[in-house]
file structure.cif (mmCIF, C-alpha atoms)
data_target
loop_
_atom_site.label_atom_id
_atom_site.label_comp_id
_atom_site.auth_asym_id
_atom_site.auth_seq_id
_atom_site.Cartn_x
_atom_site.Cartn_y
_atom_site.Cartn_z
CA MET A 913 3.27 -87.93 -68.26
CA ALA A 914 5.76 -87.75 -65.47
CA ASN A 915 9.07 -85.98 -65.20
CA VAL A 916 11.71 -87.76 -67.22
CA LYS A 917 15.46 -87.99 -66.93
CA TYR A 918 17.04 -88.59 -70.29
CA ASN A 919 19.36 -91.55 -70.02
CA ASN A 920 22.25 -89.41 -71.10
CA PHE A 921 21.71 -87.24 -68.05
CA GLY A 922 24.36 -88.90 -65.90
CA ALA A 923 27.03 -88.76 -68.56
CA ALA A 924 26.23 -85.13 -69.32
CA ILE A 925 26.44 -84.16 -65.67
CA ALA A 926 29.60 -86.13 -65.10
CA LYS A 927 31.65 -84.83 -67.96
CA ASN A 928 30.64 -81.17 -67.82
CA ASP A 929 31.41 -78.45 -65.36
CA MET A 930 27.82 -77.43 -64.77
CA ASP A 931 28.87 -74.06 -63.40
CA LEU A 932 30.41 -73.14 -66.70
CA VAL A 933 28.14 -74.58 -69.36
CA THR A 934 25.14 -72.79 -70.87
CA ILE A 935 21.88 -74.42 -69.91
CA LYS A 936 18.80 -73.65 -71.96
CA ALA A 937 15.13 -74.42 -71.63
CA ILE A 938 12.87 -75.62 -74.42
CA PHE A 939 9.07 -75.57 -74.14
CA PHE A 940 7.47 -78.69 -75.53
CA ASP A 941 4.28 -79.20 -77.50
CA PRO A 942 1.66 -81.09 -75.46
CA SER A 943 1.68 -83.93 -77.98
CA TYR A 944 5.29 -84.78 -77.12
CA THR A 945 6.10 -87.93 -75.21
CA PRO A 946 9.79 -88.14 -74.33
CA ASN A 947 11.81 -91.24 -75.09
CA PRO A 948 14.77 -91.19 -72.70
CA ASP A 949 16.35 -94.19 -74.40
CA THR A 950 16.69 -92.76 -77.87
CA GLU A 951 16.66 -89.02 -77.33
CA VAL A 952 20.08 -87.75 -76.43
CA TYR A 953 20.55 -84.40 -78.11
CA LEU A 954 18.43 -81.34 -78.72
CA SER A 955 18.20 -82.31 -82.37
CA ASP A 956 16.33 -85.44 -81.29
CA VAL A 957 13.50 -83.44 -79.69
CA LEU A 958 13.56 -80.22 -81.68
CA SER A 959 10.49 -81.09 -83.73
CA ASN A 960 8.50 -81.07 -80.51
CA ARG A 961 9.25 -77.47 -79.60
CA ALA A 962 5.97 -75.67 -78.89
CA SER A 963 5.06 -73.46 -81.82
CA GLY A 964 5.52 -69.81 -81.04
CA THR A 965 8.19 -70.34 -78.40
CA THR A 966 11.92 -69.79 -78.44
CA ASP A 967 14.40 -71.44 -76.11
CA LEU A 968 15.44 -69.50 -73.04
CA THR A 969 18.93 -69.33 -71.53
CA VAL A 970 18.57 -70.06 -67.85
CA SER A 971 20.09 -67.66 -65.37
CA SER A 972 21.27 -67.79 -61.76
CA PHE A 973 22.23 -71.44 -62.01
CA THR A 974 23.28 -72.60 -58.56
CA ILE A 975 24.25 -75.92 -57.06
CA THR A 976 23.44 -76.42 -53.40
CA THR A 977 23.79 -79.25 -50.96
CA ASP A 978 20.56 -80.14 -49.20
CA ASN A 979 21.53 -81.89 -45.97
CA THR A 980 17.93 -82.34 -44.99
CA ASP A 981 17.00 -84.33 -48.05
CA ASN A 982 20.54 -85.59 -48.51
CA ARG A 983 20.98 -84.51 -52.09
CA THR A 984 22.46 -81.91 -54.38
CA GLU A 985 20.01 -79.48 -55.93
CA PHE A 986 20.37 -77.57 -59.16
CA ASP A 987 18.39 -74.34 -59.12
CA ILE A 988 17.78 -71.55 -61.59
CA ALA A 989 15.80 -68.33 -61.77
CA ASP A 990 12.18 -68.43 -62.90
CA LEU A 991 11.70 -68.66 -66.64
CA VAL A 992 9.92 -65.70 -68.21
CA THR A 993 9.26 -65.49 -71.92
CA GLY A 994 8.74 -62.42 -74.00
CA VAL A 995 5.35 -61.69 -75.50
CA ILE A 996 4.38 -64.85 -77.34
CA THR A 997 1.36 -66.62 -78.74
CA VAL A 998 1.50 -70.38 -78.36
CA ALA A 999 -1.48 -71.54 -80.36
CA GLY A 1000 -1.12 -75.19 -79.44
CA GLY A 1001 -0.02 -74.50 -75.89
CA THR A 1002 2.81 -76.06 -73.92
CA ASN A 1003 2.76 -78.43 -70.97
CA ALA A 1004 6.42 -79.19 -70.28
CA VAL A 1005 9.87 -77.71 -70.35
CA GLY A 1006 13.11 -79.50 -71.11
CA PHE A 1007 16.60 -78.52 -70.05
CA TYR A 1008 19.72 -79.11 -72.08
CA ILE A 1009 23.38 -78.15 -72.19
CA ASP A 1010 23.69 -75.79 -75.11
CA THR A 1011 26.73 -76.04 -77.32
CA GLY A 1012 25.32 -73.86 -80.03
CA THR A 1013 24.68 -76.92 -82.15
CA ALA A 1014 21.52 -78.93 -81.72
CA ALA A 1015 23.24 -82.15 -82.67
CA THR A 1016 25.70 -81.89 -79.76
CA SER A 1017 23.54 -80.22 -77.12
CA GLU A 1018 22.78 -82.92 -74.59
CA MET A 1019 19.32 -83.25 -73.09
CA LEU A 1020 19.05 -83.43 -69.33
CA THR A 1021 15.47 -83.58 -68.10
CA TYR A 1022 11.83 -83.20 -69.11
CA ASN A 1023 9.90 -81.30 -66.45
CA GLU A 1024 6.13 -80.97 -66.32
CA LEU A 1025 4.45 -77.58 -66.17
CA LEU A 1026 2.00 -77.65 -63.30
CA LEU A 1027 -1.11 -75.83 -62.26
CA GLY A 1028 -2.28 -76.82 -58.83
CA GLY A 1029 0.07 -79.78 -58.89
CA THR A 1030 -1.31 -81.20 -62.12
CA GLN A 1031 0.36 -81.08 -65.50
CA THR A 1032 -1.52 -78.50 -67.53
CA THR A 1033 -1.36 -77.02 -70.99
CA PHE A 1034 -0.68 -73.29 -70.93
CA THR A 1035 -1.62 -71.07 -73.85
CA PRO A 1036 -0.23 -67.58 -73.64
CA VAL A 1037 -1.79 -65.36 -76.30
CA GLY A 1038 -0.05 -62.11 -77.02
CA GLY A 1039 1.29 -62.38 -73.49
CA THR A 1040 4.07 -63.85 -71.41
CA LEU A 1041 4.62 -67.28 -69.96
CA THR A 1042 6.19 -67.37 -66.52
CA ALA A 1043 7.45 -70.74 -65.32
CA THR A 1044 8.09 -70.65 -61.60
CA ILE A 1045 10.94 -72.86 -60.44
CA ASN A 1046 10.37 -75.12 -57.46
CA THR A 1047 12.27 -74.47 -54.23
CA ASN A 1048 14.04 -77.78 -54.88
CA GLY A 1049 15.30 -76.49 -58.21
CA ILE A 1050 14.89 -78.08 -61.59
CA PHE A 1051 16.56 -81.35 -60.64
CA SER A 1052 18.48 -82.91 -57.82
CA ILE A 1053 20.68 -85.93 -57.41
CA MET B 812 -9.50 -59.22 -71.88
CA ALA B 813 -10.26 -58.03 -75.38
CA ASP B 814 -13.45 -56.06 -75.27
CA PHE B 815 -15.64 -54.01 -77.52
CA ARG B 816 -14.77 -50.36 -77.07
CA SER B 817 -16.81 -48.47 -79.64
CA ILE B 818 -17.98 -48.40 -83.23
CA ALA B 819 -18.13 -45.71 -85.88
CA THR B 820 -20.28 -46.14 -88.96
CA THR B 821 -20.86 -44.51 -92.31
CA ASN B 822 -23.97 -45.49 -94.19
CA PHE B 823 -23.86 -46.50 -97.83
CA ALA B 824 -23.40 -43.58 -100.18
CA THR B 825 -26.41 -42.20 -101.91
CA SER B 826 -24.52 -42.07 -105.16
CA GLU B 827 -21.69 -44.12 -106.56
CA VAL B 828 -18.40 -42.94 -105.11
CA SER B 829 -14.85 -44.22 -104.90
CA SER B 830 -14.07 -43.38 -101.32
CA LEU B 831 -15.54 -43.90 -97.91
CA VAL B 832 -14.73 -41.83 -94.85
CA ILE B 833 -15.39 -43.28 -91.42
CA THR B 834 -14.81 -41.23 -88.31
CA LYS B 835 -12.47 -42.43 -85.59
CA PRO B 836 -14.23 -44.72 -83.10
CA ALA B 837 -14.81 -42.94 -79.81
CA GLY B 838 -12.16 -43.49 -77.18
CA LEU B 839 -9.73 -45.18 -79.57
CA ALA B 840 -6.46 -45.87 -77.76
CA VAL B 841 -3.00 -46.92 -78.86
CA GLY B 842 -2.91 -50.70 -79.05
CA ASP B 843 -6.59 -51.08 -79.81
CA LEU B 844 -7.42 -53.34 -82.70
CA MET B 845 -9.48 -51.58 -85.35
CA VAL B 846 -11.68 -53.84 -87.45
CA ALA B 847 -12.99 -52.20 -90.60
CA ILE B 848 -16.13 -53.86 -91.91
CA LEU B 849 -16.93 -52.55 -95.36
CA SER B 850 -19.57 -53.34 -97.95
CA LYS B 851 -20.63 -52.04 -101.34
CA SER B 852 -23.30 -52.33 -103.97
CA ASP B 853 -22.82 -51.78 -107.68
CA ALA B 854 -25.38 -50.33 -110.02
CA ILE B 855 -26.86 -52.71 -112.56
CA ASN B 856 -24.54 -53.49 -115.44
CA SER B 857 -21.79 -51.34 -114.01
CA GLN B 858 -18.26 -52.66 -113.80
CA ASP B 859 -17.75 -54.74 -110.68
CA SER B 860 -15.98 -52.59 -108.17
CA ASP B 861 -13.57 -53.80 -105.52
CA ILE B 862 -12.84 -52.32 -102.13
CA ASN B 863 -9.16 -51.54 -101.84
CA THR B 864 -7.08 -52.43 -98.81
CA ALA B 865 -6.15 -49.18 -97.14
CA SER B 866 -2.52 -48.33 -96.49
CA GLY B 867 -1.38 -49.71 -93.16
CA TRP B 868 -4.37 -52.01 -92.90
CA THR B 869 -4.36 -55.78 -93.34
CA LEU B 870 -6.99 -57.48 -95.46
CA ARG B 871 -8.47 -60.34 -93.45
CA GLY B 872 -11.18 -61.50 -95.80
CA GLU B 873 -13.49 -60.51 -98.58
CA THR B 874 -16.34 -62.20 -100.35
CA LYS B 875 -18.61 -61.22 -103.19
CA PHE B 876 -22.30 -61.94 -103.35
CA ASN B 877 -25.34 -60.98 -105.39
CA ASP B 878 -23.50 -61.76 -108.63
CA SER B 879 -20.56 -59.68 -107.43
CA ASP B 880 -22.71 -56.59 -107.13
CA GLY B 881 -22.17 -56.89 -103.41
CA GLU B 882 -19.01 -57.33 -101.38
CA LEU B 883 -18.15 -57.73 -97.72
CA ASN B 884 -14.59 -56.75 -96.89
CA ILE B 885 -12.77 -57.02 -93.54
CA GLN B 886 -9.53 -55.18 -92.73
CA THR B 887 -7.71 -54.67 -89.44
CA LYS B 888 -5.10 -52.37 -88.01
CA VAL B 889 -3.58 -51.93 -84.58
CA ALA B 890 -4.07 -48.33 -83.55
CA ALA B 891 -0.88 -46.28 -83.32
CA SER B 892 -0.51 -42.80 -81.95
CA GLY B 893 -1.14 -41.34 -85.39
CA ASP B 894 -4.43 -43.19 -85.60
CA VAL B 895 -5.49 -41.96 -82.19
CA ALA B 896 -4.68 -38.44 -83.28
CA ALA B 897 -6.53 -38.81 -86.55
CA GLY B 898 -10.06 -37.59 -87.02
CA ASN B 899 -11.20 -40.18 -89.50
CA PHE B 900 -10.13 -42.98 -91.83
CA THR B 901 -10.58 -43.18 -95.57
CA PHE B 902 -11.10 -46.28 -97.66
CA THR B 903 -11.29 -46.42 -101.42
CA THR B 904 -12.71 -48.54 -104.22
CA ASP B 905 -11.31 -49.13 -107.66
CA ASN B 906 -14.56 -48.00 -109.29
CA PRO B 907 -17.44 -45.87 -108.09
CA CYS B 908 -20.05 -47.79 -106.11
CA PHE B 909 -22.43 -47.44 -103.20
CA VAL B 910 -20.01 -48.14 -100.37
CA GLY B 911 -20.54 -48.04 -96.64
CA GLY B 912 -18.99 -49.48 -93.55
CA ALA B 913 -17.92 -49.33 -89.94
CA ILE B 914 -14.84 -49.46 -87.76
CA VAL B 915 -15.05 -51.50 -84.55
CA ALA B 916 -12.47 -50.59 -81.90
CA VAL B 917 -11.41 -53.47 -79.65
CA SER B 918 -9.60 -52.70 -76.42
CA ASP B 919 -6.92 -54.88 -74.78
CA PRO B 920 -6.42 -57.37 -77.57
CA ALA B 921 -3.53 -59.82 -77.45
CA SER B 922 -0.34 -57.93 -78.20
CA GLY B 923 1.10 -59.10 -81.48
CA GLY B 924 -1.51 -61.80 -81.93
CA GLU B 925 -4.69 -59.80 -81.90
CA PHE B 926 -6.41 -61.31 -84.88
CA GLN B 927 -7.14 -65.00 -84.47
CA SER B 928 -9.26 -66.15 -87.40
CA ILE B 929 -12.07 -65.30 -89.75
CA GLU B 930 -14.69 -67.07 -91.77
CA MET B 931 -16.44 -65.57 -94.77
CA ASP B 932 -19.71 -66.89 -96.19
CA SER B 933 -22.30 -65.92 -98.75
CA THR B 934 -25.78 -67.18 -99.41
CA GLY B 935 -28.69 -66.91 -101.74
CA SER B 936 -31.89 -65.33 -100.59
CA VAL B 937 -32.64 -66.24 -96.98
CA THR B 938 -34.62 -64.88 -94.08
CA VAL B 939 -33.02 -66.96 -91.36
CA LEU B 940 -29.30 -66.97 -91.91
CA SER B 941 -27.46 -69.99 -90.53
CA ASN B 942 -23.90 -70.58 -91.66
CA THR B 943 -21.82 -73.54 -90.64
CA SER B 944 -18.38 -72.67 -89.39
CA ALA B 945 -15.31 -74.31 -87.94
CA LEU B 946 -13.47 -71.71 -85.92
CA THR B 947 -12.05 -72.63 -82.54
CA PRO B 948 -10.89 -70.00 -80.06
CA LEU B 949 -7.39 -70.37 -78.70
CA VAL B 950 -8.51 -69.37 -75.25
CA ALA B 951 -11.62 -68.47 -73.32
CA ASN B 952 -13.05 -64.97 -73.49
CA THR B 953 -12.31 -64.53 -77.17
CA LEU B 954 -14.18 -61.58 -78.64
CA ILE B 955 -16.51 -62.57 -81.46
CA ILE B 956 -17.63 -60.18 -84.18
CA VAL B 957 -20.40 -61.10 -86.59
CA ALA B 958 -20.97 -58.93 -89.66
CA ILE B 959 -23.83 -59.48 -92.09
CA ALA B 960 -24.22 -57.60 -95.34
CA SER B 961 -27.46 -58.10 -97.20
CA GLN B 962 -28.99 -56.87 -100.41
CA THR B 963 -32.54 -57.08 -101.67
CA GLY B 964 -35.16 -54.90 -103.16
CA SER B 965 -36.54 -54.02 -99.78
CA ASP B 966 -34.97 -52.40 -96.78
CA THR B 967 -33.60 -55.15 -94.60
CA THR B 968 -32.78 -55.04 -90.94
CA THR B 969 -31.04 -57.78 -89.00
CA SER B 970 -31.75 -59.12 -85.54
CA THR B 971 -31.37 -62.14 -83.26
CA PHE B 972 -27.74 -63.03 -83.80
CA THR B 973 -27.09 -66.66 -82.90
CA SER B 974 -24.25 -69.13 -82.67
CA THR B 975 -23.42 -72.68 -81.66
CA PRO B 976 -22.38 -72.85 -78.90
CA SER B 977 -24.60 -70.08 -77.73
CA ILE B 978 -22.96 -66.70 -77.33
CA THR B 979 -24.76 -63.62 -76.12
CA PHE B 980 -24.48 -61.05 -78.88
CA THR B 981 -25.06 -57.34 -78.71
CA GLU B 982 -25.99 -55.61 -81.92
CA ARG B 983 -23.60 -52.68 -82.49
CA ALA B 984 -24.83 -51.38 -85.84
CA ASP B 985 -27.62 -52.04 -88.32
CA PHE B 986 -28.03 -49.63 -91.18
CA VAL B 987 -29.51 -49.74 -94.68
CA ARG B 988 -29.52 -47.35 -97.62
CA ASP B 989 -32.90 -47.14 -99.18
CA SER B 990 -33.45 -46.24 -102.80
CA VAL B 991 -30.04 -47.22 -104.11
CA GLN B 992 -29.11 -50.38 -105.97
CA ASP B 993 -30.38 -53.43 -104.03
CA ASP B 994 -30.90 -51.43 -100.84
CA PRO B 995 -27.64 -52.57 -99.24
CA SER B 996 -27.57 -53.08 -95.50
CA LEU B 997 -24.92 -53.93 -92.96
CA ALA B 998 -25.37 -55.26 -89.43
CA ILE B 999 -22.66 -55.87 -86.83
CA ALA B 1000 -22.81 -57.63 -83.46
CA THR B 1001 -20.23 -58.58 -80.87
CA GLY B 1002 -20.10 -61.16 -78.11
CA VAL B 1003 -17.63 -62.96 -75.88
CA HIS B 1004 -17.08 -66.70 -76.16
CA THR B 1005 -16.46 -67.73 -72.58
CA GLY B 1006 -15.29 -71.21 -73.51
CA THR B 1007 -12.98 -72.72 -76.06
CA ALA B 1008 -15.43 -74.95 -77.92
CA GLU B 1009 -15.44 -74.74 -81.68
CA ILE B 1010 -18.04 -72.39 -83.11
CA THR B 1011 -19.89 -74.65 -85.50
CA ALA B 1012 -22.62 -72.26 -86.64
CA TYR B 1013 -23.61 -68.63 -86.59
CA GLY B 1014 -26.39 -66.58 -88.07
CA ALA B 1015 -29.14 -64.06 -87.61
CA THR B 1016 -32.67 -63.28 -88.64
CA LEU B 1017 -33.39 -60.85 -91.48
CA SER B 1018 -36.52 -58.78 -91.80
CA ASN B 1019 -36.80 -59.72 -95.48
CA ALA B 1020 -35.49 -62.51 -97.63
CA ALA B 1021 -32.16 -61.21 -98.87
CA LEU B 1022 -28.88 -62.23 -100.44
CA THR B 1023 -26.15 -62.16 -97.84
CA ALA B 1024 -22.46 -62.10 -97.22
CA SER B 1025 -21.37 -62.66 -93.66
CA SER B 1026 -18.30 -62.92 -91.54
CA LEU B 1027 -17.37 -64.50 -88.23
CA ILE B 1028 -14.30 -62.89 -86.67
CA LEU B 1029 -12.36 -64.05 -83.60
CA ILE B 1030 -10.22 -61.56 -81.69
CA ASN B 1031 -7.73 -62.92 -79.18
CA PRO B 1032 -7.68 -61.54 -75.68
CA GLN B 1033 -4.26 -61.10 -74.13
CA VAL B 1034 -3.40 -64.09 -71.95
CA ASN B 1035 -0.38 -64.29 -69.68
CA ALA B 1036 0.29 -67.75 -68.33
CA THR B 1037 2.03 -68.74 -65.12
CA ALA B 1038 3.15 -72.32 -64.64
CA ALA B 1039 5.08 -74.15 -61.95
CA VAL B 1040 8.00 -76.26 -63.10
CA SER B 1041 7.95 -79.68 -61.52
CA PRO B 1042 11.36 -80.53 -60.03
CA MET B 1043 13.08 -83.69 -61.17
CA ASP B 1044 14.60 -85.72 -58.37
CA VAL B 1045 17.12 -88.10 -59.80
CA PRO B 1046 17.98 -90.73 -57.20
CA PRO B 1047 21.53 -91.90 -57.73
CA ALA B 1048 22.01 -95.63 -57.88
CA ILE B 1049 24.81 -96.55 -55.54
CA ASN B 1050 26.03 -100.04 -56.13
CA GLY B 1051 27.98 -101.86 -53.47
CA ALA B 1052 31.58 -102.58 -54.45
CA VAL B 1053 32.76 -106.13 -54.61
CA ALA B 1054 35.67 -106.20 -52.19
CA THR B 1055 38.79 -108.38 -52.28
CA ASN B 1056 40.98 -108.64 -49.21
CA ASP B 1057 44.54 -107.72 -49.85
CA VAL B 1058 46.23 -110.33 -47.64
CA SER B 1059 49.32 -112.49 -47.70
CA LEU B 1060 48.21 -115.91 -48.34
CA ASP B 1061 49.14 -118.57 -45.81
CA VAL B 1062 50.15 -121.44 -47.94
CA GLY B 1063 48.48 -124.49 -46.70
CA HIS B 1064 50.77 -126.96 -44.93
CA MET B 1065 50.54 -130.35 -46.37
CA ASP B 1066 51.34 -132.85 -43.72
CA THR B 1067 51.79 -136.02 -45.60
CA GLU B 1068 53.58 -138.96 -44.19
CA PRO B 1069 56.32 -139.68 -46.63
CA VAL B 1070 56.63 -143.15 -47.84
CA VAL B 1071 60.08 -144.29 -47.16
CA ASN B 1072 60.96 -147.27 -49.03
CA GLY B 1073 63.50 -149.36 -47.45
CA LEU B 1074 66.62 -149.81 -49.39
CA ILE B 1075 67.39 -153.23 -50.57
CA SER B 1076 70.84 -153.67 -49.39
CA LYS B 1077 73.36 -155.79 -51.09
CA LYS B 1078 76.34 -156.69 -49.27
CA THR B 1079 79.39 -155.98 -51.24
CA PRO B 1080 82.11 -158.36 -50.57
CA THR B 1081 84.74 -156.74 -48.72
CA PRO B 1082 87.68 -156.66 -50.91
CA TRP B 1083 90.72 -157.94 -49.40
CA ARG B 1084 92.66 -155.00 -48.76
CA ASN B 1085 95.15 -156.36 -46.51
CA PRO B 1086 98.20 -154.56 -47.32
CA ASP B 1087 100.00 -157.18 -45.61
CA LYS B 1088 98.83 -159.80 -48.00
CA PRO B 1089 101.64 -162.05 -48.54
CA SER B 1090 103.19 -161.44 -51.75
CA THR B 1091 104.00 -164.93 -52.11
CA ASP B 1092 102.64 -166.41 -55.16
CA TRP B 1093 100.86 -169.45 -54.50
CA ASP B 1094 101.03 -172.21 -56.84
CA ASN B 1095 98.25 -174.49 -57.38
CA LEU B 1096 99.82 -177.68 -56.70
CA PRO B 1097 98.14 -180.93 -57.29
CA LYS B 1098 96.33 -182.23 -54.47
#
call {"tool": "encode", "arguments": {"input": "structure.cif", "output": "C-alpha cells"}}
result
Amino acid sequence: MANVKYNNFGAAIAKNDMDLVTIKAIFFDPSYTPNPDTEVYLSDVLSNRASGTTDLTVSSFTITTDNTDNRTEFDIADLVTGVITVAGGTNAVGFYIDTGTAATSEMLTYNELLLGGTQTTFTPVGGTLTATINTNGIFSI
Amino acid sequence: MADFRSIATTNFATSEVSSLVITKPAGLAVGDLMVAILSKSDAINSQDSDINTASGWTLRGETKFNDSDGELNIQTKVAASGDVAAGNFTFTTDNPCFVGGAIVAVSDPASGGEFQSIEMDSTGSVTVLSNTSALTPLVANTLIIVAIASQTGSDTTTSTFTSTPSITFTERADFVRDSVQDDPSLAIATGVHTGTAEITAYGATLSNAALTASSLILINPQVNATAAVSPMDVPPAINGAVATNDVSLDVGHMDTEPVVNGLISKKTPTPWRNPDKPSTDWDNLPK
C-alpha cells in the first residue's frame, strides 16, 4: 500500500482554516485498504480502526513554506499513545479534521507506518506506540 | 521482556482440607504477574470439590479429570504493594480435598495486557502426553508456562517438556503426594517462544501411565513500538488558464464596388411656361 490522499482532501483544505481546526489521527488495522473515491468522512473508515487504539489529537500543528522543495508543509508533533495492546497490530495512520461527529469529520490522508523505509505492522503489547513524524511533516502541497 | 522470576510451591495435603497456603514467591515485585497453578484430588466417593477463585485473583481456566476427582485450576493476579508485603497467599475449596499448588511470579509482563491466552486439556491414561493446541503469541519472546497435573496409583514424575514449534523448557516444579487418593502430582515448566508461530502441540513424558489435566499459558511481554510516519506529498495540479484577449475589435472594412445602375431617364416635355403666351384664343379655322 502506498500513501493515499482522500479525494476530499483538497476541498477540506480549501474550506477550512487549518490553523484553527482540530486534527486527529486514527491508527488503521493492517487489513484496511483505503478507497479515496468513496471514503470521505471518518464514519466511512471507522470500522478499520486498529483494535485497542484510540484516536489521538495532534499537537504543534504548523504550516511552513519550503522554498527548497517549492511546497507548503504541514507538520505536527510525534504521535505517542498511552499504554495499549494492539492484538492485530497497526500499519498506517490516517489524519482527519475532527468535528466531534464521525459523519462530518473529513478524511485527509492515509500515511504508512514505516520501519526502515518499509511499511510494517507494529504490535505494542502493554506498551506505547510512538509514531515519529517525518521532517517534511505529515503532508505537503 | 516477561521473564520467570521465581516459584513457590505447596505439596498436596496429606489429609483432606479446604484451604491451601502458598508462600510468596521470592523476589516478588509490584507489577509482577502471579500465576497460581492449583490442583486437587478427592477421596473415593466423596463429594466433588471445587477450587474457589481467590479474592482479587482472576480465574483463567479450570478443567476436571479422573472422573472429576482431579482438577487443574489457573488463576492470575498482578502483584500490588500489599501482595509484595504479604507473607503468603491462601486459596480455598468448597469441600475438603487433597489440594496443592504453586505460584509462579513473572517479571516485566505487559502492563495491562499481561495474560494473553490459555488452553486447558485433559486425557485418559498416557505416558507420553501430547496435546494439540492452537495458541498464537502476539509478539516474539512470549513467556510460556506448561502445567501438568496427573493422577494414578503410582507416584508420577514429569520430564521432557515439548512443544511445536520447539521451545526450550525449564522445569520449575515437580511434586507428588504419595499415599493419598490417586497420588496426585503437579509439574510446571516455563520457556520463551522467540517467534510468533502458532503453538500447535505441547506435552511431556510421565514416569507412569497416568490420567492428566494440562495447561498451556501465554504471558505477554511488554512491547513498545516506534514507527516512522511516511509523509504524504500532494502535488497540486495547476491547469493553464484559457485566455481571451480583451481588445477592441477592428471591424473589417468591406471594400465592395457598388453597383450603380444607371437611371433610365425619361425626358419630360417641357411644359410651356411662357408667361408671355399670347392670351389670344386661337380658333381652329377650317383649312
call {"tool": "interface_residues", "arguments": {"input": "structure.cif", "of": "chain A", "to": "chain B", "cutoff": "8 Å", "atoms": "all atoms listed in the file", "output": "PyMOL selection string"}}
result
chain A and resi 915-917+995-997+999-1000+1004-1005+1021+1023-1027+1034-1046+1048-1053
call {"tool": "atom_distance", "arguments": {"input": "structure.cif", "atom1": "CA of Pro976 (chain B)", "atom2": "CA of Thr1023 (chain B)"}}
result
22.1 Å
call {"tool": "resolve_selection", "arguments": {"input": "structure.cif", "expression": "the PyMOL selection byres ((chain B and resi 928) around 9)", "output": "MDAnalysis selection string"}}
result
chainID B and resid 871 926:927 929:930 946:948 1027:1031
call {"tool": "closest_residue", "arguments": {"input": "structure.cif", "among": "A:Tyr918, A:Tyr953, A:Phe973, A:Tyr944", "to": "Leu932 (chain A)", "atoms": "only C-alpha atoms"}}
result
A:Phe973
call {"tool": "resolve_selection", "arguments": {"input": "structure.cif", "expression": "the PyMOL selection byres ((chain B and resi 836-844) around 9)", "output": "PyMOL selection string"}}
result
chain B and resi 816-820+833-835+845-846+887-895+899+914-920+922+925-926+1030
call {"tool": "atom_distance", "arguments": {"input": "structure.cif", "atom1": "CA of Asn947 (chain A)", "atom2": "CA of Thr969 (chain A)"}}
result
23.3 Å
call {"tool": "resolve_selection", "arguments": {"input": "structure.cif", "expression": "the PyMOL selection byres ((chain A and resi 1016) around 12)", "output": "JSON, numbers by chain"}}
result
{"A": [920, 924, 951, 952, 953, 954, 955, 956, 1008, 1009, 1010, 1011, 1012, 1013, 1014, 1015, 1017, 1018, 1019]}
call {"tool": "atom_distance", "arguments": {"input": "structure.cif", "atom1": "CA of Trp868 (chain B)", "atom2": "CA of Ser961 (chain B)"}}
result
24.3 Å
call {"tool": "residues_around", "arguments": {"input": "structure.cif", "residues": "Gly935 (chain B)", "least_positions_apart": "4", "cutoff": "9 Å", "atoms": "all atoms listed in the file", "output": "PyMOL selection string"}}
result
chain B and resi 876-877+1021-1023
call {"tool": "residues_around", "arguments": {"input": "structure.cif", "residues": "Ala958 (chain B)", "least_positions_apart": "2", "cutoff": "6 Å", "atoms": "all atoms listed in the file", "output": "list of chain:residue names"}}
result
B:Ala998, B:Ile999, B:Ser1025, B:Ser1026
